[in-house]
file work_34.json (JSON, C-alpha atoms and all ligand atoms)
[["chain", "number", "residue", "atom", "x", "y", "z"],
["A", 291, "MET", "CA", 1.23, 11.28, 9.12],
["A", 292, "LEU", "CA", 3.43, 8.28, 8.40],
["A", 293, "GLU", "CA", 6.29, 7.72, 10.84],
["A", 294, "ILE", "CA", 8.98, 5.15, 10.21],
["A", 295, "SER", "CA", 11.86, 5.07, 12.63],
["A", 296, "ASP", "CA", 14.93, 2.91, 12.85],
["A", 297, "LEU", "CA", 13.47, 0.02, 10.86],
["A", 298, "TYR", "CA", 15.41, -3.23, 10.43],
["A", 299, "ARG", "CA", 14.57, -6.33, 8.38],
["A", 300, "ARG", "CA", 16.71, -9.43, 7.87],
["A", 301, "PHE", "CA", 16.03, -12.51, 5.77],
["A", 302, "ASN", "CA", 17.85, -15.78, 6.52],
["A", 303, "GLY", "CA", 20.45, -13.96, 8.59],
["A", 304, "ARG", "CA", 21.11, -11.41, 5.83],
["A", 305, "SER", "CA", 20.32, -7.81, 6.59],
["A", 306, "VAL", "CA", 18.19, -6.11, 3.88],
["A", 307, "LEU", "CA", 17.01, -2.96, 5.66],
["A", 308, "GLU", "CA", 18.99, -1.23, 8.39],
["A", 309, "ALA", "CA", 18.08, 1.83, 10.42],
["A", 310, "ILE", "CA", 15.52, 3.16, 7.92],
["A", 311, "SER", "CA", 13.66, 6.29, 9.00],
["A", 312, "LEU", "CA", 11.11, 8.34, 7.07],
["A", 313, "ARG", "CA", 8.43, 10.82, 8.00],
["A", 314, "LEU", "CA", 5.62, 11.87, 5.67],
["A", 315, "GLU", "CA", 3.21, 14.70, 6.35],
["A", 316, "PRO", "CA", -0.27, 14.92, 4.77],
["A", 317, "SER", "CA", -0.10, 15.82, 1.04],
["A", 318, "GLU", "CA", 3.51, 14.65, 0.81],
["A", 319, "TYR", "CA", 4.43, 12.44, -2.09],
["A", 320, "VAL", "CA", 7.90, 10.87, -2.30],
["A", 321, "ALA", "CA", 9.62, 8.63, -4.80],
["A", 322, "ILE", "CA", 12.03, 5.92, -3.67],
["A", 323, "THR", "CA", 14.64, 4.71, -6.12],
["A", 324, "GLY", "CA", 17.53, 2.33, -5.69],
["A", 325, "GLU", "CA", 19.31, -0.61, -7.25],
["A", 326, "SER", "CA", 17.56, -3.91, -7.81],
["A", 327, "GLY", "CA", 17.57, -6.02, -4.66],
["A", 328, "VAL", "CA", 18.33, -3.15, -2.28],
["A", 329, "GLY", "CA", 15.03, -3.63, -0.41],
["A", 330, "LYS", "CA", 12.45, -1.25, -1.92],
["A", 331, "SER", "CA", 9.67, -3.83, -2.12],
["A", 332, "THR", "CA", 10.63, -5.13, 1.32],
["A", 333, "LEU", "CA", 10.15, -1.61, 2.69],
["A", 334, "LEU", "CA", 6.78, -1.20, 0.92],
["A", 335, "ASN", "CA", 5.62, -4.56, 2.31],
["A", 336, "LEU", "CA", 6.48, -3.40, 5.83],
["A", 337, "ILE", "CA", 4.64, -0.11, 5.33],
["A", 338, "ALA", "CA", 1.69, -2.07, 3.93],
["A", 339, "GLY", "CA", 1.65, -4.21, 7.07],
["A", 340, "LEU", "CA", 2.13, -7.33, 4.92],
["A", 341, "ASP", "CA", 5.38, -8.11, 6.73],
["A", 342, "ARG", "CA", 6.69, -7.21, 10.18],
["A", 343, "PRO", "CA", 10.05, -5.56, 10.90],
["A", 344, "ASP", "CA", 12.64, -7.16, 13.14],
["A", 345, "ARG", "CA", 13.05, -3.85, 14.90],
["A", 346, "GLY", "CA", 11.81, -0.28, 14.60],
["A", 347, "ARG", "CA", 8.55, 1.63, 14.62],
["A", 348, "LEU", "CA", 5.88, 2.15, 11.97],
["A", 349, "ALA", "CA", 2.85, 4.32, 12.63],
["A", 350, "LEU", "CA", 0.11, 5.70, 10.38],
["A", 351, "ASP", "CA", -1.85, 8.65, 11.77],
["A", 352, "GLY", "CA", -0.59, 7.78, 15.23],
["A", 353, "GLU", "CA", -1.56, 4.11, 15.02],
["A", 354, "ASP", "CA", 1.49, 2.02, 15.89],
["A", 355, "TYR", "CA", 1.59, -1.17, 13.79],
["A", 356, "ALA", "CA", 3.18, -3.09, 16.67],
["A", 357, "THR", "CA", -0.02, -2.67, 18.68],
["A", 358, "LEU", "CA", -2.20, -4.04, 15.85],
["A", 359, "GLY", "CA", -3.10, -7.72, 15.41],
["A", 360, "GLU", "CA", -3.60, -9.29, 11.98],
["A", 361, "ASP", "CA", -7.31, -8.32, 11.84],
["A", 362, "ALA", "CA", -6.57, -4.70, 12.72],
["A", 363, "LEU", "CA", -3.78, -4.59, 10.13],
["A", 364, "THR", "CA", -6.17, -5.96, 7.51],
["A", 365, "ARG", "CA", -8.65, -3.21, 8.40],
["A", 366, "LEU", "CA", -5.90, -0.58, 8.21],
["A", 367, "ARG", "CA", -4.96, -1.82, 4.73],
["A", 368, "ARG", "CA", -8.57, -1.90, 3.58],
["A", 369, "ASP", "CA", -9.58, 1.50, 4.93],
["A", 370, "LYS", "CA", -6.43, 3.60, 4.78],
["A", 371, "LEU", "CA", -4.13, 2.23, 2.11],
["A", 372, "GLY", "CA", -4.27, 2.23, -1.66],
["A", 373, "PHE", "CA", -2.00, -0.24, -3.45],
["A", 374, "VAL", "CA", -0.60, -0.23, -6.93],
["A", 375, "PHE", "CA", 1.62, -3.30, -6.78],
["A", 376, "GLN", "CA", 3.19, -5.38, -9.52],
["A", 377, "ALA", "CA", 0.78, -8.22, -8.82],
["A", 378, "PHE", "CA", -2.45, -6.52, -9.75],
["A", 379, "HIS", "CA", -5.03, -8.65, -7.90],
["A", 380, "ILE", "CA", -7.71, -7.62, -10.35],
["A", 381, "LEU", "CA", -10.54, -10.13, -9.89],
["A", 382, "PRO", "CA", -11.31, -11.95, -13.17],
["A", 383, "HIS", "CA", -15.00, -12.60, -12.47],
["A", 384, "LEU", "CA", -15.81, -8.93, -11.83],
["A", 385, "THR", "CA", -16.24, -6.24, -14.50],
["A", 386, "LEU", "CA", -13.92, -3.25, -14.44],
["A", 387, "ARG", "CA", -16.61, -1.14, -12.76],
["A", 388, "GLN", "CA", -17.06, -3.82, -10.08],
["A", 389, "ASN", "CA", -13.32, -4.24, -9.59],
["A", 390, "VAL", "CA", -12.89, -0.51, -9.03],
["A", 391, "THR", "CA", -15.98, -0.27, -6.79],
["A", 392, "LEU", "CA", -14.74, -3.14, -4.60],
["A", 393, "PRO", "CA", -12.69, -1.03, -2.13],
["A", 394, "LEU", "CA", -15.83, 1.05, -1.47],
["A", 395, "TRP", "CA", -17.99, -2.05, -0.93],
["A", 396, "LEU", "CA", -15.38, -3.35, 1.51],
["A", 397, "LYS", "CA", -15.67, -0.09, 3.44],
["A", 398, "GLY", "CA", -19.47, -0.51, 3.56],
["A", 399, "GLN", "CA", -20.23, 2.08, 0.87],
["A", 400, "GLY", "CA", -22.49, 0.76, -1.86],
["A", 401, "GLY", "CA", -25.15, 1.77, -4.31],
["A", 402, "ARG", "CA", -25.12, 4.10, -7.26],
["A", 403, "ARG", "CA", -22.92, 6.67, -5.53],
["A", 404, "ALA", "CA", -20.08, 4.18, -5.11],
["A", 405, "GLU", "CA", -20.44, 3.10, -8.74],
["A", 406, "ARG", "CA", -20.29, 6.70, -9.88],
["A", 407, "GLN", "CA", -17.05, 7.23, -7.98],
["A", 408, "ALA", "CA", -15.62, 4.14, -9.67],
["A", 409, "GLU", "CA", -16.75, 5.39, -13.07],
["A", 410, "SER", "CA", -15.12, 8.74, -12.48],
["A", 411, "LEU", "CA", -11.80, 7.05, -11.64],
["A", 412, "LEU", "CA", -12.05, 4.77, -14.70],
["A", 413, "ASP", "CA", -12.63, 7.91, -16.73],
["A", 414, "ALA", "CA", -9.57, 9.56, -15.21],
["A", 415, "VAL", "CA", -7.34, 6.65, -16.29],
["A", 416, "GLY", "CA", -8.84, 6.71, -19.80],
["A", 417, "LEU", "CA", -11.03, 3.63, -19.44],
["A", 418, "GLY", "CA", -14.40, 5.32, -18.98],
["A", 419, "ASP", "CA", -15.93, 3.47, -21.93],
["A", 420, "ARG", "CA", -14.73, 0.08, -20.68],
["A", 421, "ALA", "CA", -16.64, -0.11, -17.38],
["A", 422, "GLU", "CA", -18.54, -3.23, -18.47],
["A", 423, "SER", "CA", -15.46, -5.01, -19.85],
["A", 424, "TRP", "CA", -13.95, -8.06, -18.16],
["A", 425, "PRO", "CA", -10.32, -8.10, -17.06],
["A", 426, "ARG", "CA", -9.45, -10.87, -19.58],
["A", 427, "GLU", "CA", -10.33, -8.45, -22.39],
["A", 428, "LEU", "CA", -7.65, -5.96, -21.32],
["A", 429, "SER", "CA", -4.03, -5.41, -22.26],
["A", 430, "GLY", "CA", -1.34, -5.36, -19.56],
["A", 431, "GLY", "CA", -1.22, -1.57, -19.51],
["A", 432, "GLU", "CA", -5.02, -1.30, -19.31],
["A", 433, "MET", "CA", -5.00, -3.68, -16.34],
["A", 434, "GLN", "CA", -2.40, -1.50, -14.70],
["A", 435, "ARG", "CA", -4.62, 1.53, -15.13],
["A", 436, "VAL", "CA", -7.55, -0.36, -13.59],
["A", 437, "ALA", "CA", -5.29, -1.17, -10.63],
["A", 438, "ILE", "CA", -4.50, 2.52, -10.25],
["A", 439, "ALA", "CA", -8.18, 3.51, -10.39],
["A", 440, "ARG", "CA", -8.95, 0.88, -7.74],
["A", 441, "ALA", "CA", -6.08, 2.05, -5.52],
["A", 442, "LEU", "CA", -7.47, 5.60, -5.43],
["A", 443, "VAL", "CA", -11.25, 5.16, -5.39],
["A", 444, "HIS", "CA", -11.71, 4.97, -1.60],
["A", 445, "GLN", "CA", -9.54, 8.05, -0.97],
["A", 446, "PRO", "CA", -6.83, 6.25, 0.98],
["A", 447, "ARG", "CA", -4.63, 8.05, 3.51],
["A", 448, "LEU", "CA", -1.53, 6.48, 2.03],
["A", 449, "VAL", "CA", -0.95, 5.35, -1.55],
["A", 450, "LEU", "CA", 1.81, 2.79, -2.13],
["A", 451, "ALA", "CA", 2.83, 2.38, -5.76],
["A", 452, "ASP", "CA", 5.46, -0.10, -6.94],
["A", 453, "GLU", "CA", 6.49, 0.64, -10.57],
["A", 454, "PRO", "CA", 2.96, 1.79, -11.49],
["A", 455, "THR", "CA", 4.00, 2.80, -14.98],
["A", 456, "GLY", "CA", 6.06, -0.30, -15.76],
["A", 457, "ASN", "CA", 3.77, -1.55, -18.54],
["A", 458, "LEU", "CA", 2.64, 1.81, -19.89],
["A", 459, "ASP", "CA", 3.45, 3.80, -23.01],
["A", 460, "PRO", "CA", 4.78, 7.34, -22.35],
["A", 461, "THR", "CA", 1.38, 9.02, -22.83],
["A", 462, "ASN", "CA", -0.44, 6.76, -20.41],
["A", 463, "ALA", "CA", 2.51, 6.75, -18.00],
["A", 464, "ALA", "CA", 2.40, 10.55, -17.85],
["A", 465, "ARG", "CA", -1.38, 10.51, -17.39],
["A", 466, "VAL", "CA", -1.22, 7.99, -14.56],
["A", 467, "LEU", "CA", 1.61, 9.82, -12.77],
["A", 468, "LYS", "CA", -0.28, 13.09, -13.02],
["A", 469, "LEU", "CA", -3.42, 11.47, -11.62],
["A", 470, "LEU", "CA", -1.52, 9.85, -8.74],
["A", 471, "GLY", "CA", 0.20, 13.11, -7.80],
["A", 472, "GLU", "CA", -2.99, 15.19, -8.05],
["A", 473, "ARG", "CA", -5.13, 12.80, -6.00],
["A", 474, "ILE", "CA", -2.52, 12.47, -3.28],
["A", 475, "ARG", "CA", -1.88, 16.20, -2.94],
["A", 476, "ASP", "CA", -5.52, 17.30, -3.33],
["A", 477, "SER", "CA", -6.92, 14.84, -0.80],
["A", 478, "GLY", "CA", -4.23, 15.53, 1.80],
["A", 479, "ALA", "CA", -3.12, 11.90, 1.55],
["A", 480, "MET", "CA", 0.48, 10.68, 1.42],
["A", 481, "GLY", "CA", 2.17, 8.75, -1.35],
["A", 482, "ILE", "CA", 5.21, 6.57, -1.87],
["A", 483, "LEU", "CA", 6.23, 5.74, -5.41],
["A", 484, "VAL", "CA", 8.88, 3.07, -5.92],
["A", 485, "THR", "CA", 10.40, 3.27, -9.36],
["A", 486, "HIS", "CA", 13.52, 2.76, -11.46],
["A", 487, "SER", "CA", 12.36, 5.46, -13.85],
["A", 488, "PRO", "CA", 13.92, 8.90, -13.30],
["A", 489, "GLU", "CA", 11.01, 10.39, -15.27],
["A", 490, "ALA", "CA", 8.43, 8.82, -12.96],
["A", 491, "ALA", "CA", 10.44, 9.81, -9.86],
["A", 492, "LYS", "CA", 10.36, 13.44, -10.95],
["A", 493, "SER", "CA", 6.57, 13.48, -10.62],
["A", 494, "ALA", "CA", 6.94, 13.20, -6.82],
["A", 495, "ASP", "CA", 7.83, 16.10, -4.48],
["A", 496, "ARG", "CA", 11.04, 14.48, -3.24],
["A", 497, "VAL", "CA", 13.23, 11.69, -4.51],
["A", 498, "LEU", "CA", 14.85, 9.42, -1.93],
["A", 499, "GLN", "CA", 17.55, 6.93, -2.71],
["A", 500, "LEU", "CA", 17.62, 3.58, -0.91],
["A", 501, "THR", "CA", 21.13, 2.17, -0.60],
["A", 502, "PRO", "CA", 22.63, -0.45, 1.75],
["A", 503, "GLU", "CA", 23.61, 2.53, 3.93],
["A", 504, "GLY", "CA", 20.03, 3.74, 4.30],
["A", 505, "LEU", "CA", 17.46, 6.12, 2.84],
["A", 506, "HIS", "CA", 18.84, 9.48, 1.70],
["A", 507, "GLY", "CA", 17.18, 12.63, 0.40],
["B", 1, "LIG", "N1", 10.53, -13.25, 1.92],
["B", 1, "LIG", "C1", 11.83, -13.20, 1.64],
["B", 1, "LIG", "N2", 12.66, -14.18, 2.01],
["B", 1, "LIG", "C2", 13.99, -14.12, 1.75],
["B", 1, "LIG", "N3", 14.59, -13.09, 1.10],
["B", 1, "LIG", "C3", 13.80, -12.08, 0.71],
["B", 1, "LIG", "C4", 12.39, -12.07, 0.95],
["B", 1, "LIG", "N4", 11.90, -10.92, 0.45],
["B", 1, "LIG", "C5", 12.94, -10.26, -0.08],
["B", 1, "LIG", "N5", 14.09, -10.94, 0.08],
["B", 1, "LIG", "C6", 15.42, -10.51, -0.35],
["B", 1, "LIG", "O1", 15.61, -9.18, 0.06],
["B", 1, "LIG", "C7", 16.33, -8.44, -0.93],
["B", 1, "LIG", "C8", 15.56, -7.20, -1.31],
["B", 1, "LIG", "O2", 14.44, -7.54, -2.10],
["B", 1, "LIG", "P1", 13.40, -6.47, -2.63],
["B", 1, "LIG", "O3", 12.38, -7.22, -3.44],
["B", 1, "LIG", "O4", 12.90, -5.69, -1.48],
["B", 1, "LIG", "O5", 14.32, -5.57, -3.56],
["B", 1, "LIG", "P2", 13.92, -4.36, -4.53],
["B", 1, "LIG", "O6", 14.81, -3.22, -4.16],
["B", 1, "LIG", "O7", 12.46, -4.14, -4.47],
["B", 1, "LIG", "O8", 14.35, -4.96, -5.92],
["B", 1, "LIG", "P3", 13.79, -4.73, -7.44],
["B", 1, "LIG", "O9", 14.13, -3.32, -7.81],
["B", 1, "LIG", "O10", 14.58, -5.73, -8.21],
["B", 1, "LIG", "O11", 12.32, -5.03, -7.41],
["B", 1, "LIG", "C9", 16.57, -9.40, -2.08],
["B", 1, "LIG", "O12", 17.87, -9.90, -1.99],
["B", 1, "LIG", "C10", 15.56, -10.50, -1.87],
["B", 1, "LIG", "O13", 16.03, -11.74, -2.33]]
call {"tool": "encode", "arguments": {"input": "work_34.json", "output": "structure tokens", "more": "lines below"}}
Ligand SMILES: Nc1ncnc2c1ncn2[C@@H]1O[C@H](COP(=O)(O)OP(=O)(O)OP(=O)(O)O)[C@@H](O)[C@H]1O
result
Amino acid sequence: MLEISDLYRRFNGRSVLEAISLRLEPSEYVAITGESGVGKSTLLNLIAGLDRPDRGRLALDGEDYATLGEDALTRLRRDKLGFVFQAFHILPHLTLRQNVTLPLWLKGQGGRRAERQAESLLDAVGLGDRAESWPRELSGGEMQRVAIARALVHQPRLVLADEPTGNLDPTNAARVLKLLGERIRDSGAMGILVTHSPEAAKSADRVLQLTPEGLHG
């Protein structure tokens, strides 16, 4: 379960998030929409433990972020979160198979089994025949699909996706949204999809709107 209660974040004296609360149960997948600059990425960064709130509580499966130091937060991100962010962080000196296997290696799972899991995810995003390719050989949309495969391969508890279909054509966008939704619901994980696209938002179970007044259903 993800519990966010009464979260506040200010930058340079300017309030960006005020009194934000959200509760996600296992298998729940929500979309967050809202105008540019309203604080969607700020909220995702807080949930990712990449930034700390000025006030309020964040807890994942009962683990309160405020009690975690930087090392413990890094472990939480590595073991429990799956990211599809605008900055892809695909490593240029690793093949696609290696890039997608990386989250499993970081969790101490190696060998052929880990590689097979990575291959199955590459297959699911339509890149099964590109496992040996290098990131520099890919288009923007293909890179985005690799990022999605990598975000899901270690069966995270919580998937955070920021405009995951931004660079994709309608066919691949639909495929990626379907995959995200299926994996989240089937594995009992939770998902948050930040998007400006009403089409993409519809793929989630609930659509929440972030406004300066807060987060509304
Ligand atoms: N580290 C920071 N320092 C100062 N201001 C910041 C910082 N991070 C975000 N902001 C400000 O907080 C506000 C919200 O930014 P954020 O990126 O969360 O918006 P968003 O809703 O994700 O926007 P978009 O839809 O355009 O991506 C913006 O005004 C931004 O300038």
call {"tool": "closest_residue", "arguments": {"input": "work_34.json", "among": "A:Glu453, A:Glu427, A:Asp459, A:Asp495", "to": "ligand LIG 1 (chain B)", "atoms": "only C-alpha atoms and all ligand atoms"}}
result
A:Glu453
call {"tool": "closest_atom_pairs", "arguments": {"input": "work_34.json", "of": "chain A", "to": "ligand LIG 1 (chain B)", "cutoff": "9 Å", "atoms": "all atoms listed in the file", "output": "Markdown table"}}
result
| residue | atom | partner | partner_atom | distance |
| --- | --- | --- | --- | --- |
| A:Arg299 | CA | B:LIG1 | O1 | 8.9 |
| A:Arg300 | CA | B:LIG1 | O1 | 7.9 |
| A:Phe301 | CA | B:LIG1 | C2 | 4.8 |
| A:Asn302 | CA | B:LIG1 | C2 | 6.4 |
| A:Arg304 | CA | B:LIG1 | N3 | 8.2 |
| A:Ser305 | CA | B:LIG1 | O1 | 8.2 |
| A:Val306 | CA | B:LIG1 | O1 | 5.5 |
| A:Leu307 | CA | B:LIG1 | C8 | 8.3 |
| A:Thr323 | CA | B:LIG1 | O6 | 8.2 |
| A:Gly324 | CA | B:LIG1 | O6 | 6.4 |
| A:Glu325 | CA | B:LIG1 | O9 | 5.9 |
| A:Ser326 | CA | B:LIG1 | O9 | 3.5 |
| A:Gly327 | CA | B:LIG1 | O5 | 3.5 |
| A:Val328 | CA | B:LIG1 | O6 | 4.0 |
| A:Gly329 | CA | B:LIG1 | O4 | 3.2 |
| A:Lys330 | CA | B:LIG1 | O6 | 3.8 |
| A:Ser331 | CA | B:LIG1 | O7 | 3.7 |
| A:Thr332 | CA | B:LIG1 | O4 | 3.6 |
| A:Leu333 | CA | B:LIG1 | O4 | 6.4 |
| A:Leu334 | CA | B:LIG1 | O4 | 8.0 |
| A:Asn335 | CA | B:LIG1 | O4 | 8.3 |
| A:Asp341 | CA | B:LIG1 | N1 | 8.7 |
| A:Asp452 | CA | B:LIG1 | O7 | 8.5 |
| A:Glu453 | CA | B:LIG1 | O11 | 8.7 |
| A:Val484 | CA | B:LIG1 | O7 | 8.2 |
| A:Thr485 | CA | B:LIG1 | O9 | 7.7 |
| A:His486 | CA | B:LIG1 | O9 | 7.1 |
| A:Leu500 | CA | B:LIG1 | O6 | 8.0 |
call {"tool": "atom_distance", "arguments": {"input": "work_34.json", "atom1": "atom CA of A:Leu350", "atom2": "atom CA of A:Glu293"}}
result
6.5 Å
call {"tool": "closest_residue", "arguments": {"input": "work_34.json", "among": "A:Lys370, A:Arg402, A:His379, A:Arg313", "to": "A:Ala479", "atoms": "all atoms listed in the file"}}
result
A:Lys370
call {"tool": "closest_residue", "arguments": {"input": "work_34.json", "among": "A:Ala414, A:Leu392, A:Glu315, A:Met291", "to": "A:Asp354", "atoms": "only C-alpha atoms"}}
result
A:Met291
call {"tool": "atom_distance", "arguments": {"input": "work_34.json", "atom1": "atom CA of A:Leu386", "atom2": "atom CA of A:Arg420"}}
result
7.1 Å
call {"tool": "residues_around", "arguments": {"input": "work_34.json", "residues": "A:Val436", "least_positions_apart": "3", "cutoff": "9 Å", "atoms": "only C-alpha atoms", "output": "list in words"}}
result
Phe378, Ile380, Leu386, Asn389, Val390, Leu411, Leu412, Val415, Leu417, Pro425, Gly431, Glu432, Met433, Ala439, Arg440 and Ala441 of chain A
call {"tool": "write_last_selection", "arguments": {"input": "work_34.json", "atoms": "C-alpha atoms", "output": "compact mmCIF listing (two decimals), in the frame of the given file"}}
result
# COMPACT_ATOMS: atom_id res chain seq x y z
CA PHE A 378 -2.45 -6.52 -9.75
CA ILE A 380 -7.71 -7.62 -10.35
CA LEU A 386 -13.92 -3.25 -14.44
CA ASN A 389 -13.32 -4.24 -9.59
CA VAL A 390 -12.89 -0.51 -9.03
CA LEU A 411 -11.80 7.05 -11.64
CA LEU A 412 -12.05 4.77 -14.70
CA VAL A 415 -7.34 6.65 -16.29
CA LEU A 417 -11.03 3.63 -19.44
CA PRO A 425 -10.32 -8.10 -17.06
CA GLY A 431 -1.22 -1.57 -19.51
CA GLU A 432 -5.02 -1.30 -19.31
CA MET A 433 -5.00 -3.68 -16.34
CA ALA A 439 -8.18 3.51 -10.39
CA ARG A 440 -8.95 0.88 -7.74
CA ALA A 441 -6.08 2.05 -5.52
call {"tool": "atom_distance", "arguments": {"input": "work_34.json", "atom1": "atom CA of A:Asp351", "atom2": "atom CA of A:Leu292"}}
result
6.3 Å
call {"tool": "closest_residue", "arguments": {"input": "work_34.json", "among": "A:Gly471, A:Glu409, A:Leu458, A:Ala494", "to": "A:Val320", "atoms": "all atoms listed in the file"}}
result
A:Ala494
call {"tool": "closest_residue", "arguments": {"input": "work_34.json", "among": "A:Lys397, A:Arg465, A:Arg368, A:Arg406", "to": "A:Arg447", "atoms": "all atoms listed in the file"}}
result
A:Arg368
call {"tool": "closest_residue", "arguments": {"input": "work_34.json", "among": "A:Ala309, A:Ala408, A:Val497, A:Leu340", "to": "A:Ala362", "atoms": "all atoms listed in the file"}}
result
A:Leu340
call {"tool": "residues_near_point", "arguments": {"input": "work_34.json", "point": "(-4.5, 1.4, 15.5)", "cutoff": "12 Å", "atoms": "all atoms listed in the file", "output": "ChimeraX atom specification"}}
result
/A:339,348-367,369-370
call {"tool": "residues_around", "arguments": {"input": "work_34.json", "residues": "A:Pro454", "least_positions_apart": "6", "cutoff": "8 Å", "atoms": "all atoms listed in the file", "output": "NGL selection string"}}
result
:A and (374-376 or 434 or 438 or 483 or 485)
